[in-house]
Amino acid sequence: MKFPLSWLKTWVDIQISADELAERLNLAGLEVEGIEYIGEKLEGIQTAKIEEIQPHPNADRLVITQVSDGKKKHQIVTGASNISVGDIVPVCYPGSVIAAGKAITQASLRGVDSFGMLCSKVELGVAEEADGIWILDPQTPVGIDFIAYASLKDAILDVAILPNRGDCQSIYGLARDIASILSVKLEEIDDKIQQPLTQASIQLETQIPERCPLYTARKIEGLKIGPSPLWMSRRLELVGIRPINNLVDITNYVLLELGQPLHAFDAAHINDAVIQVRYAQAKEQLLTLDADAGDPLSRDLSDEDMVIALEQGPLALGGVMGGKDSEVTEETQTLILESAFFDPTTVRRTAARHDLRTESAIRFEKGVDIDLVKRASDRAARLYEEWAGATGISGLSESRSETHEIFKPREIPFDADQINHLLGSQIPKKRMSDILSKLGIQIKGAKASVPSWRRRDLSEWPCLAEEILRIEGIQSIEDQWPNGAPFIEKAPPLSQLKSKLSTFLIHQGFSESVTYPMVSKAEIEALGDSAESCYQIQNPLSVNESVLRPHLLASLLRVLRFNRQRQQPDLKIYEIANGFAKGKDGPIQTCFCAGLLVGPWIDHTYSVANQASNQVSMPLLKGLVERLGEVLGLKITLSSDHRPDYLHPKLSGQLMCQGTPIGVIGLLHPQQTQGLDGANEVGYFSVSLDAMAAMAQVTTVFSPISKYPSTSRDIALLVPKSLTYEEVESVLIKFKPKLAQSLVLFDRFESEKLGPDHVSLAFRLTYQQQSGTLSDDKVNRAHEKFCEFVTQKLPVQIR
Amino acid sequence: MKQVINQIQVDSEQQIETAKNMADLEQVRIDLLGKKGALTDLLKNLKSVSEQERPMMGKLANELKGRLLQQIQDKKIALSQNQLEQEIDNDDRDVSLPSQRVKQGHQHPISQVQNEIVDILAGLGFEVKEGPEIENEDHNFNALNIPDDHPARDMHDTFYLDATHLLRTHTSPVQIRTMKSQAPPIRILAPGKVYRCDADVSHSPVFHQIEGLYVDKDVNFAQLKGTLSFFLRALFGDDREIRFRPSYFPFTEPSVEVDVAFEVVKDGKTQKQWMEILGAGMVNRNVFRYVGYDPDQVSGFAFGVGVERIAMLKYQIPDIRLFYENDQRFIRQF
């Protein structure tokens with residue numbers, strides 16, 4: 001809410017600057033989000049009366065005026081056409097400064113001397129545009145300091161009112177808190193109606209007293225509609241409310257001043273009928289004040305909307321907005337003024353249901369001060385009396401639910417030791433009760449009595465600690481360490497996995513991405529996944545972020561596309577984050593580590609020899625994942641049993657660990673890379689960290705190192721291409737001689753000589769034993785036998 | 001005979017000396033000591049020398065052989081040294097070519113800051129806990145003293161998934177889950193993604209928070225202040241100005257917000273501005289009641305840190321959306 005400093009100053013004596021005040025408020029828990037200085041440069045604006053207007057001898061569009069400041073006449077040449085003799089207008093004489101910072105000087109306009117300028121609202125910084133000179137009310141005194149009179153120079157504090165501080169949603173409310181913070185006096189509310197009151201005669205019928213524990217209404221007669229006084233309309237404008245006429249403005253003024261929303265009905269419309277407070281009935285409608293004049297549409301009411309109604313139908317949405325039919329108009333002479341306490345939750349729901357977050361609703365939903373309901377009505381009546389000519393003001397008719405909780409005084413236990421124990425402070429009890437009583441919280445022995453305006457907020461004794469802390473100042477509390485020794489535990493498995501994998505992948509040249517877990521339905525379906533099994537956001541910001549991803553691929557593809565569109569074609573990225581799916585027993589959240597690889601493995605290759613082995617390929621991806629497993633102490637293998645649709649039907653596979661599928665690797669299916677602007681070979685890996693976190697890591701057990709020399713033998717095979725490497729290798733491993741410690745593929749080639757259907761695979765076996773040197777004979781015999789087995793078991797030839 | 005020996009010596013020494021390469025040298029050796037070599041001949045011819053002179057001549061010849069072999073050997077070393085130098089000299093491989101390596105990847109700044117925060121607080125005995133990002137109303141709101149229709153729900157623009165599920169709007173539900181599953185004392189940290197339907201320069205619908213919770217007997221506000229002051233000094237340095245402001249959160253009382261000062265240049269002048277980076281407070285008694293703790297027996301403090309805010313401050317990043325574009329030119333800077 002916006003708080004003009006000048007208005008606050010009518011309630012409390014503030015001797016410090018707006019900046020200092022903002023600082024004090026911030027440190028007392030009232031967050032000042034900004035200060036707007038208006039009319040900062042204005043100087044020397046006064047009021048004057050136009051006494052004479054003469055045509056300019058040399059210019060059709062100019063006139064020569066003689067204005068009076070009450071003592072002296074001044075000649076001013078102006079181009080304005082909206083002025084008449086007798087008008088009172090703001091004037092700046094030579095030496096004065098207008099809002100834009102320009103100093104006015106004596107000038108000669110087309111040969112006629114001009115000693116100043118008549119001002120429009122634009123020159124005074126009050127409006128963006130103006131039709132002409134600002135013609136003031138004829139009652140405006142002449143020759144006065146207009147800057148002060150019209151609040152032209154001010155500092156407007158924008159204070160964020162937190163949900164617990166409904167009591168500060170008014171000038172008076174904030175001033176009351178400032179009075180406590182600065183230890184200064186708060187002015188009294190002027191609510192003394194001067195004339196004797198007429199009989200209270202309005203009939204009220206509250207059908208839902210639990211939702212409206214106090215409803216008051218009074219009749220105000222003999223009103224003369226017209227513009228509000230300048231000071232009032234200026235204050236409304238400074239807070240951001242458009243002045244309309246005195247009858248409407250007074251209700252808004254009191255709302256801003258005291259925080260109590262009021263509503264004025266045209267009495268002619270009500271015609272002395274019984275005013276009901278009830279829930280709307282089925283199919284009731286109401287044309288509210290905000291209705292579009294050109295296309296007025298009534299709102300359908302819910303039976304949970306609280307309405308102010310006559311027998312025949314609703315007049316207003318209680319606490320939210322009035323109806324068009326009973327609105328104050330130019331013809332209004334008598335009005336019914338409502339002041340009430342409406343239940344915060346009911347108002348909140350109605351405001352939300354009809355999307356009407358009005359000034360009234362935002363005050364009721366944070367709770368208004370029950371003790372101000374009647375005083376606000378009196379205050380408004382006082383203003384109607386003074387500024388709208390009210391001649392008949394009735395007493396208050398009221399409907400009050402005496403047993404409602406809101407009328408019960410609230411007491412909470414007060415124990416200074418307990419508060420010091422919670423704060424870790426040593427504030428004397430006397431000091432505490434002084435602070436609390438300044439805030440209106442009365443201490444009687446071990447009880448604190450909460451004032452009416454803080455009843456929703458202060459409910460338990462720590463609330464008192466909070467009040468003491470904010471007034472005493474947090475800076476006064478000395479830092480302490482938590483008690484006792486820290487109980488350090490080892491990081492949980494998932495955190496450990498994350499940090500190990502991050503380190504590993506970064507060393508492998510991958511950069512981390514952090515993406516939104518929300519993608520579009522189209523992106524999910526393009527990968528062949530079912531959007532049905534994914535969670536959809538009911539109120540997404542856009543369709544592009546409306547479905548929760550089941551895994552990370554769609555998000556990583558976005559990163560890939562984004563970078564390729566920005567001349568960064570090669571990419572090695574990974575992300576560690578959650579994917580989501582609907583499960584039988586609720587949401588399933590899985591933490592994945594996934595990556596994309598496009599372009600060379602080593603970033604900068606410039607020779608053909610290097611480039612060949614540097615492209616994204618399955619052996620490269622497999623190596624990456626195997627090493628990733630090693631980092632975690634897990635053995636990861638590839639199986640071709642199951643592949644997701646988005647991967648290449650041949651160049652991909654499922655990753656297995658300890659018999660459980662833990663992820664996938666492969667090149668993306670060529671269909672997936674079509675939109676990627678030439679990125680054909682895109683490598684992808686994804687593993688579930690949740691699956692791996694549950695697995696036992698392989699603990700290293702030492703095996704003795706042989707002291708005896710090793711010897712090696714090679715076997716080169718001519719293999720038909722119909723056999724996969726895995727098929728060949730599995731047979732070789734099965735029949736490998738016991739003496740052979742290892743078997744490694746060291747050469748694979750194809751050639752014209754071998755023919756198109758065959759490939760040469762050469763393996764090296766290393767022979768060694770723990771006890772004694774192996775003789776050549778023994779090795780040769782074992783190797784020959786091995787070669788025999790291989791040719792028997794496989795359709796291969798030894799080369 | 002002696003003359004012959006002298007002659008061989010003179011000739012051979014000169015030939016060894018002038019040998020230009022290994023082949024020349026080998027030729028010298030063959031000429032001298034090969035089957036028909038001069039010295040071989042000489043040694044063969046010793047028989048024809050008188051018996052009286054033979055020992056003397058034999059000695060001279062053998063000494064000569066030894067000396068020449070040594071000279072050949074020396075020359076060999078010199079020549080191979082020479083040859084190696086030559087080869088090195090002729091090596092034209094260009095060492096100034098660009099390096100070839102797997103370039104180091106880069107960790108996302110959000111993760112870097114998150115890890116830094118976790119490391120600092122882990123040193124104070126805070127243990128990492130994680131929780132689900134899809135939550136229910138109970139854990140996200142009700143348990144945290146934000147009942148239905150509470151105006152504080154306006155502070156959380158919530159993404160709803162269905163009647164019972166929503167995307168958590170803060171990491172505070174992890175507090176509830178932890179307290180429901182274990183008894184005090186508790187000292188945990190819960191880093192993770194949170195969601196609000198809000199997007200502009202300083203708001204992202206997805207952002208990261210780190211929640212801290214400490215519950216034990218006799219936990220007080222001064223300890224909260226001490227812990228946060230230590231944490232912020234560790235993160236931003238001892239010189240950084242920080243301020244505590246009273247604030248409001250339904251799940252803590254008293255509540256505070258902490259601002260960090262930073263400098264901005266406005267109209268050519270350096271100005272101090274405050275950026276709010278964390279919210280904290282003493283755990284509200286209603287939260288303890290909800291999880292079945294006796295609020296008269298235990299007390300606690302909780303805090304929530306905005307990771308992006310800290311990263312923006314630390315690296316002077318002007319727009320929160322840069323974090324989520326993952327432009328490699330951005331990521332590589334960190």
# chains A, B, ... in the order shown; residues from 1 in each chain; ligands from 1
call {"tool": "residues_around", "arguments": {"residues": "Lys65 (chain B)", "least_positions_apart": "6", "cutoff": "10 Å", "atoms": "only C-alpha atoms", "output": "list of chain:residue names"}}
result
B:Gln9, B:Leu32, B:Leu33, B:Leu39, B:Thr40, B:Leu43, B:Lys59, B:Gln71
call {"tool": "residues_around", "arguments": {"residues": "region 284-287 of chain A", "least_positions_apart": "5", "cutoff": "12 Å", "atoms": "only C-alpha atoms", "output": "PyMOL selection string"}}
result
chain A and resi 279+292-293+295-309+311-318+321-327+354
call {"tool": "write_last_selection", "arguments": {"atoms": "N, CA and C atoms", "output": "mmCIF file, in the first residue's frame"}}
result
data_model
loop_
_atom_site.group_PDB
_atom_site.id
_atom_site.type_symbol
_atom_site.label_atom_id
_atom_site.label_comp_id
_atom_site.auth_asym_id
_atom_site.auth_seq_id
_atom_site.Cartn_x
_atom_site.Cartn_y
_atom_site.Cartn_z
ATOM 1 N N TYR A 279 -26.463 -15.577 2.555
ATOM 2 C CA TYR A 279 -25.817 -16.171 1.389
ATOM 3 C C TYR A 279 -26.702 -15.941 0.178
ATOM 4 N N ASP A 292 -19.201 -3.374 -17.332
ATOM 5 C CA ASP A 292 -18.910 -2.590 -18.530
ATOM 6 C C ASP A 292 -20.187 -1.853 -18.946
ATOM 7 N N ALA A 293 -20.092 -0.521 -19.025
ATOM 8 C CA ALA A 293 -21.280 0.269 -19.326
ATOM 9 C C ALA A 293 -21.881 -0.138 -20.664
ATOM 10 N N ASP A 295 -21.678 -3.062 -22.156
ATOM 11 C CA ASP A 295 -22.134 -4.444 -22.248
ATOM 12 C C ASP A 295 -22.291 -4.996 -20.831
ATOM 13 N N PRO A 296 -23.307 -4.475 -20.098
ATOM 14 C CA PRO A 296 -23.408 -4.870 -18.694
ATOM 15 C C PRO A 296 -23.821 -6.330 -18.535
ATOM 16 N N LEU A 297 -22.986 -7.089 -17.831
ATOM 17 C CA LEU A 297 -23.251 -8.510 -17.615
ATOM 18 C C LEU A 297 -23.377 -8.773 -16.125
ATOM 19 N N SER A 298 -24.456 -9.386 -15.745
ATOM 20 C CA SER A 298 -24.631 -9.711 -14.338
ATOM 21 C C SER A 298 -23.770 -10.917 -13.981
ATOM 22 N N ARG A 299 -23.316 -10.922 -12.735
ATOM 23 C CA ARG A 299 -22.536 -12.070 -12.263
ATOM 24 C C ARG A 299 -23.486 -13.127 -11.693
ATOM 25 N N ASP A 300 -23.195 -14.380 -12.008
ATOM 26 C CA ASP A 300 -23.941 -15.466 -11.380
ATOM 27 C C ASP A 300 -23.342 -15.670 -9.998
ATOM 28 N N LEU A 301 -24.203 -15.664 -8.991
ATOM 29 C CA LEU A 301 -23.688 -15.777 -7.626
ATOM 30 C C LEU A 301 -23.700 -17.237 -7.172
ATOM 31 N N SER A 302 -22.774 -17.522 -6.262
ATOM 32 C CA SER A 302 -22.698 -18.858 -5.694
ATOM 33 C C SER A 302 -23.421 -18.834 -4.350
ATOM 34 N N ASP A 303 -23.911 -19.970 -3.908
ATOM 35 C CA ASP A 303 -24.601 -19.978 -2.615
ATOM 36 C C ASP A 303 -23.608 -19.906 -1.458
ATOM 37 N N GLU A 304 -22.313 -19.720 -1.782
ATOM 38 C CA GLU A 304 -21.334 -19.440 -0.733
ATOM 39 C C GLU A 304 -20.939 -17.967 -0.720
ATOM 40 N N ASP A 305 -21.511 -17.178 -1.640
ATOM 41 C CA ASP A 305 -21.235 -15.738 -1.640
ATOM 42 C C ASP A 305 -22.122 -15.071 -0.592
ATOM 43 N N MET A 306 -21.503 -14.243 0.254
ATOM 44 C CA MET A 306 -22.282 -13.483 1.216
ATOM 45 C C MET A 306 -22.775 -12.222 0.502
ATOM 46 N N VAL A 307 -24.070 -11.959 0.586
ATOM 47 C CA VAL A 307 -24.593 -10.770 -0.087
ATOM 48 C C VAL A 307 -25.337 -9.885 0.909
ATOM 49 N N ILE A 308 -25.374 -8.610 0.586
ATOM 50 C CA ILE A 308 -26.249 -7.668 1.262
ATOM 51 C C ILE A 308 -27.450 -7.576 0.329
ATOM 52 N N ALA A 309 -28.635 -7.799 0.864
ATOM 53 C CA ALA A 309 -29.756 -7.982 -0.055
ATOM 54 C C ALA A 309 -31.032 -7.407 0.510
ATOM 55 N N GLU A 311 -35.315 -8.241 0.116
ATOM 56 C CA GLU A 311 -36.113 -9.445 -0.076
ATOM 57 C C GLU A 311 -36.057 -9.890 -1.544
ATOM 58 N N GLN A 312 -36.153 -8.891 -2.436
ATOM 59 C CA GLN A 312 -36.278 -9.250 -3.856
ATOM 60 C C GLN A 312 -34.933 -9.590 -4.533
ATOM 61 N N GLY A 313 -33.811 -9.333 -3.856
ATOM 62 C CA GLY A 313 -32.557 -9.705 -4.514
ATOM 63 C C GLY A 313 -31.367 -8.979 -3.925
ATOM 64 N N PRO A 314 -30.181 -9.385 -4.321
ATOM 65 C CA PRO A 314 -28.947 -8.855 -3.730
ATOM 66 C C PRO A 314 -28.642 -7.414 -4.151
ATOM 67 N N LEU A 315 -28.043 -6.677 -3.217
ATOM 68 C CA LEU A 315 -27.612 -5.301 -3.475
ATOM 69 C C LEU A 315 -26.107 -5.238 -3.685
ATOM 70 N N ALA A 316 -25.379 -6.121 -2.992
ATOM 71 C CA ALA A 316 -23.912 -6.028 -3.025
ATOM 72 C C ALA A 316 -23.325 -7.378 -2.628
ATOM 73 N N LEU A 317 -22.098 -7.604 -3.087
ATOM 74 C CA LEU A 317 -21.324 -8.756 -2.627
ATOM 75 C C LEU A 317 -20.650 -8.298 -1.341
ATOM 76 N N GLY A 318 -21.042 -8.881 -0.207
ATOM 77 C CA GLY A 318 -20.595 -8.375 1.087
ATOM 78 C C GLY A 318 -19.092 -8.271 1.205
ATOM 79 N N MET A 321 -17.835 -5.898 -3.322
ATOM 80 C CA MET A 321 -18.219 -4.837 -4.266
ATOM 81 C C MET A 321 -19.721 -4.609 -4.244
ATOM 82 N N GLY A 322 -20.090 -3.361 -4.459
ATOM 83 C CA GLY A 322 -21.504 -3.008 -4.479
ATOM 84 C C GLY A 322 -22.148 -3.314 -5.822
ATOM 85 N N GLY A 323 -23.468 -3.126 -5.855
ATOM 86 C CA GLY A 323 -24.209 -3.375 -7.084
ATOM 87 C C GLY A 323 -24.492 -2.079 -7.816
ATOM 88 N N LYS A 324 -24.695 -2.204 -9.109
ATOM 89 C CA LYS A 324 -24.916 -1.043 -9.965
ATOM 90 C C LYS A 324 -26.251 -0.364 -9.630
ATOM 91 N N ASP A 325 -27.268 -1.177 -9.331
ATOM 92 C CA ASP A 325 -28.610 -0.624 -9.149
ATOM 93 C C ASP A 325 -28.699 0.328 -7.959
ATOM 94 N N SER A 326 -27.972 0.010 -6.882
ATOM 95 C CA SER A 326 -28.084 0.833 -5.682
ATOM 96 C C SER A 326 -26.931 1.815 -5.561
ATOM 97 N N GLU A 327 -26.234 1.992 -6.665
ATOM 98 C CA GLU A 327 -25.060 2.868 -6.698
ATOM 99 C C GLU A 327 -25.435 4.340 -6.464
ATOM 100 N N HIS A 354 -14.898 -14.446 -7.956
ATOM 101 C CA HIS A 354 -15.316 -13.466 -8.962
ATOM 102 C C HIS A 354 -14.152 -12.639 -9.485
#
call {"tool": "closest_residue", "arguments": {"among": "A:Ala282, A:Val373, A:Leu501, A:Leu109", "to": "chain B", "atoms": "only C-alpha atoms"}}
result
A:Leu501
call {"tool": "residues_around", "arguments": {"residues": "region 740-753 of chain A", "least_positions_apart": "4", "cutoff": "6 Å", "atoms": "only C-alpha atoms", "output": "list of chain:residue names"}}
result
A:Val759, A:Ser760, A:Leu761, A:Ala762, A:Phe763, A:Arg764, A:Leu765, A:Thr766, A:Tyr767
call {"tool": "residues_around", "arguments": {"residues": "region 72-85 of chain B", "least_positions_apart": "3", "cutoff": "7 Å", "atoms": "only C-alpha atoms", "output": "compact mmCIF listing (two decimals) with N, CA, C and O atoms, in the first residue's frame"}}
result
# COMPACT_ATOMS: atom_id res chain seq x y z
N ILE B 16 90.13 -43.33 -38.81
CA ILE B 16 89.09 -43.23 -37.76
C ILE B 16 88.65 -41.79 -37.61
O ILE B 16 87.46 -41.46 -37.55
N ASN B 21 80.74 -41.46 -41.04
CA ASN B 21 79.54 -42.11 -40.51
C ASN B 21 79.89 -43.51 -40.04
O ASN B 21 81.04 -43.95 -40.14
N MET B 22 78.84 -44.19 -39.57
CA MET B 22 79.03 -45.54 -39.03
C MET B 22 79.60 -46.47 -40.09
O MET B 22 80.44 -47.32 -39.80
N LEU B 68 93.32 -49.02 -31.01
CA LEU B 68 92.48 -48.68 -32.16
C LEU B 68 91.01 -49.04 -31.89
O LEU B 68 90.10 -48.28 -32.25
N LEU B 69 90.80 -50.21 -31.26
CA LEU B 69 89.42 -50.59 -30.94
C LEU B 69 88.76 -49.52 -30.06
O LEU B 69 87.61 -49.15 -30.24
N ILE B 88 67.50 -35.04 -34.45
CA ILE B 88 66.70 -34.09 -33.68
C ILE B 88 66.60 -32.78 -34.43
O ILE B 88 65.53 -32.17 -34.52
N ASP B 89 67.76 -32.43 -34.99
CA ASP B 89 67.81 -31.19 -35.73
C ASP B 89 66.84 -31.21 -36.92
O ASP B 89 66.24 -30.21 -37.23
call {"tool": "residues_around", "arguments": {"residues": "Val283 (chain B)", "least_positions_apart": "2", "cutoff": "8 Å", "atoms": "only C-alpha atoms", "output": "list of chain:residue names"}}
result
B:Phe251, B:Thr252, B:Glu253, B:Gly281, B:Arg285, B:Val287, B:Phe288, B:Ser299, B:Gly300, B:Phe301, B:Ala302
call {"tool": "closest_residue", "arguments": {"among": "B:Ile331, B:Leu189, B:Val174, B:Ile5", "to": "chain A", "atoms": "only C-alpha atoms"}}
result
B:Ile331
call {"tool": "closest_residue", "arguments": {"among": "A:Lys374, A:Arg713, A:Arg643, A:Arg561", "to": "chain B", "atoms": "only C-alpha atoms"}}
result
A:Arg561
call {"tool": "select_by_dssp", "arguments": {"residues": "region 166-245 of chain A", "states": "alpha helix (DSSP H)", "output": "number ranges by chain"}}
result
A: 171-182, 230-239
call {"tool": "residues_around", "arguments": {"residues": "Val184 (chain A)", "least_positions_apart": "2", "cutoff": "12 Å", "atoms": "only C-alpha atoms", "output": "PyMOL selection string"}}
result
chain A and resi 9+11-15+175-182+186-187+438-439
call {"tool": "residues_around", "arguments": {"residues": "Cys212 (chain A)", "least_positions_apart": "3", "cutoff": "7 Å", "atoms": "only C-alpha atoms", "output": "list in words"}}
result
Ile208, Pro209, Tyr215, Phe341, Phe342 and Asp343 of chain A
call {"tool": "atom_distance", "arguments": {"atom1": "CA of Ala380 (chain A)", "atom2": "CA of Leu162 (chain A)"}}
result
27.1 Å
call {"tool": "closest_residue", "arguments": {"among": "A:Trp461, A:Tyr725, A:Tyr172, A:Tyr646", "to": "chain B", "atoms": "only C-alpha atoms"}}
result
A:Trp461
call {"tool": "atom_distance", "arguments": {"atom1": "CA of Ile220 (chain A)", "atom2": "CA of Leu197 (chain A)"}}
result
9.8 Å
call {"tool": "closest_residue", "arguments": {"among": "B:Thr18, B:Ser50, B:Gln107, B:Asn140", "to": "chain A", "atoms": "only C-alpha atoms"}}
result
B:Gln107
call {"tool": "select_by_dssp", "arguments": {"residues": "region 17-235 of chain B", "states": "strand (DSSP E or B)", "output": "number ranges by chain"}}
result
B: 127-128, 134-135, 160, 166-167, 186-195, 200, 203, 206-216
call {"tool": "decode", "arguments": {"residues": "region 32-57 of chain B", "atoms": "N, CA and C atoms", "output": "short mmCIF file (atom, residue, chain, number, x, y, z; two decimals), in the first residue's frame"}}
result
data_model
loop_
_atom_site.label_atom_id
_atom_site.label_comp_id
_atom_site.auth_asym_id
_atom_site.auth_seq_id
_atom_site.Cartn_x
_atom_site.Cartn_y
_atom_site.Cartn_z
N LEU B 32 90.99 -53.09 -40.86
CA LEU B 32 92.01 -53.27 -39.83
C LEU B 32 91.94 -54.66 -39.22
N LEU B 33 90.70 -55.02 -38.85
CA LEU B 33 90.58 -56.24 -38.02
C LEU B 33 89.73 -57.31 -38.68
N GLY B 34 89.26 -57.07 -39.88
CA GLY B 34 88.53 -58.10 -40.61
C GLY B 34 89.47 -59.27 -40.93
N LYS B 35 88.86 -60.30 -41.63
CA LYS B 35 89.68 -61.49 -41.89
C LYS B 35 90.96 -61.16 -42.64
N LYS B 36 90.81 -60.15 -43.52
CA LYS B 36 92.01 -59.75 -44.28
C LYS B 36 92.50 -58.40 -43.84
N GLY B 37 92.15 -58.03 -42.69
CA GLY B 37 92.52 -56.70 -42.21
C GLY B 37 94.03 -56.58 -41.97
N ALA B 38 94.48 -55.35 -41.99
CA ALA B 38 95.91 -55.09 -41.88
C ALA B 38 96.47 -55.58 -40.56
N LEU B 39 95.73 -55.33 -39.51
CA LEU B 39 96.23 -55.71 -38.19
C LEU B 39 96.11 -57.22 -38.01
N THR B 40 95.03 -57.78 -38.56
CA THR B 40 94.88 -59.24 -38.53
C THR B 40 96.09 -59.89 -39.22
N ASP B 41 96.41 -59.36 -40.39
CA ASP B 41 97.58 -59.85 -41.14
C ASP B 41 98.84 -59.77 -40.29
N LEU B 42 98.97 -58.61 -39.71
CA LEU B 42 100.17 -58.36 -38.92
C LEU B 42 100.28 -59.39 -37.81
N LEU B 43 99.17 -59.63 -37.15
CA LEU B 43 99.20 -60.57 -36.03
C LEU B 43 99.51 -61.97 -36.54
N LYS B 44 98.94 -62.29 -37.73
CA LYS B 44 99.23 -63.59 -38.34
C LYS B 44 100.74 -63.70 -38.64
N ASN B 45 101.31 -62.58 -39.10
CA ASN B 45 102.71 -62.60 -39.53
C ASN B 45 103.71 -62.56 -38.37
N LEU B 46 103.21 -62.49 -37.19
CA LEU B 46 104.12 -62.46 -36.04
C LEU B 46 105.02 -63.70 -36.02
N LYS B 47 104.38 -64.78 -36.55
CA LYS B 47 105.16 -66.03 -36.58
C LYS B 47 106.50 -65.84 -37.29
N SER B 48 106.47 -65.00 -38.32
CA SER B 48 107.69 -64.85 -39.12
C SER B 48 108.73 -63.93 -38.48
N VAL B 49 108.32 -63.37 -37.38
CA VAL B 49 109.30 -62.49 -36.72
C VAL B 49 110.23 -63.34 -35.86
N SER B 50 111.47 -62.87 -35.73
CA SER B 50 112.43 -63.65 -34.94
C SER B 50 111.91 -63.83 -33.53
N GLU B 51 112.29 -64.96 -32.98
CA GLU B 51 111.78 -65.28 -31.65
C GLU B 51 112.16 -64.25 -30.61
N GLN B 52 113.28 -63.66 -30.89
CA GLN B 52 113.78 -62.65 -29.96
C GLN B 52 112.87 -61.40 -29.95
N GLU B 53 112.50 -61.03 -31.19
CA GLU B 53 111.68 -59.81 -31.29
C GLU B 53 110.20 -60.07 -31.04
N ARG B 54 109.80 -61.37 -31.22
CA ARG B 54 108.37 -61.67 -31.25
C ARG B 54 107.58 -61.15 -30.00
N PRO B 55 108.07 -61.39 -28.81
CA PRO B 55 107.28 -60.90 -27.65
C PRO B 55 107.09 -59.39 -27.70
N MET B 56 108.14 -58.74 -28.05
CA MET B 56 108.11 -57.28 -28.11
C MET B 56 107.10 -56.79 -29.15
N MET B 57 107.24 -57.44 -30.40
CA MET B 57 106.33 -57.04 -31.48
C MET B 57 104.88 -57.41 -31.13
#
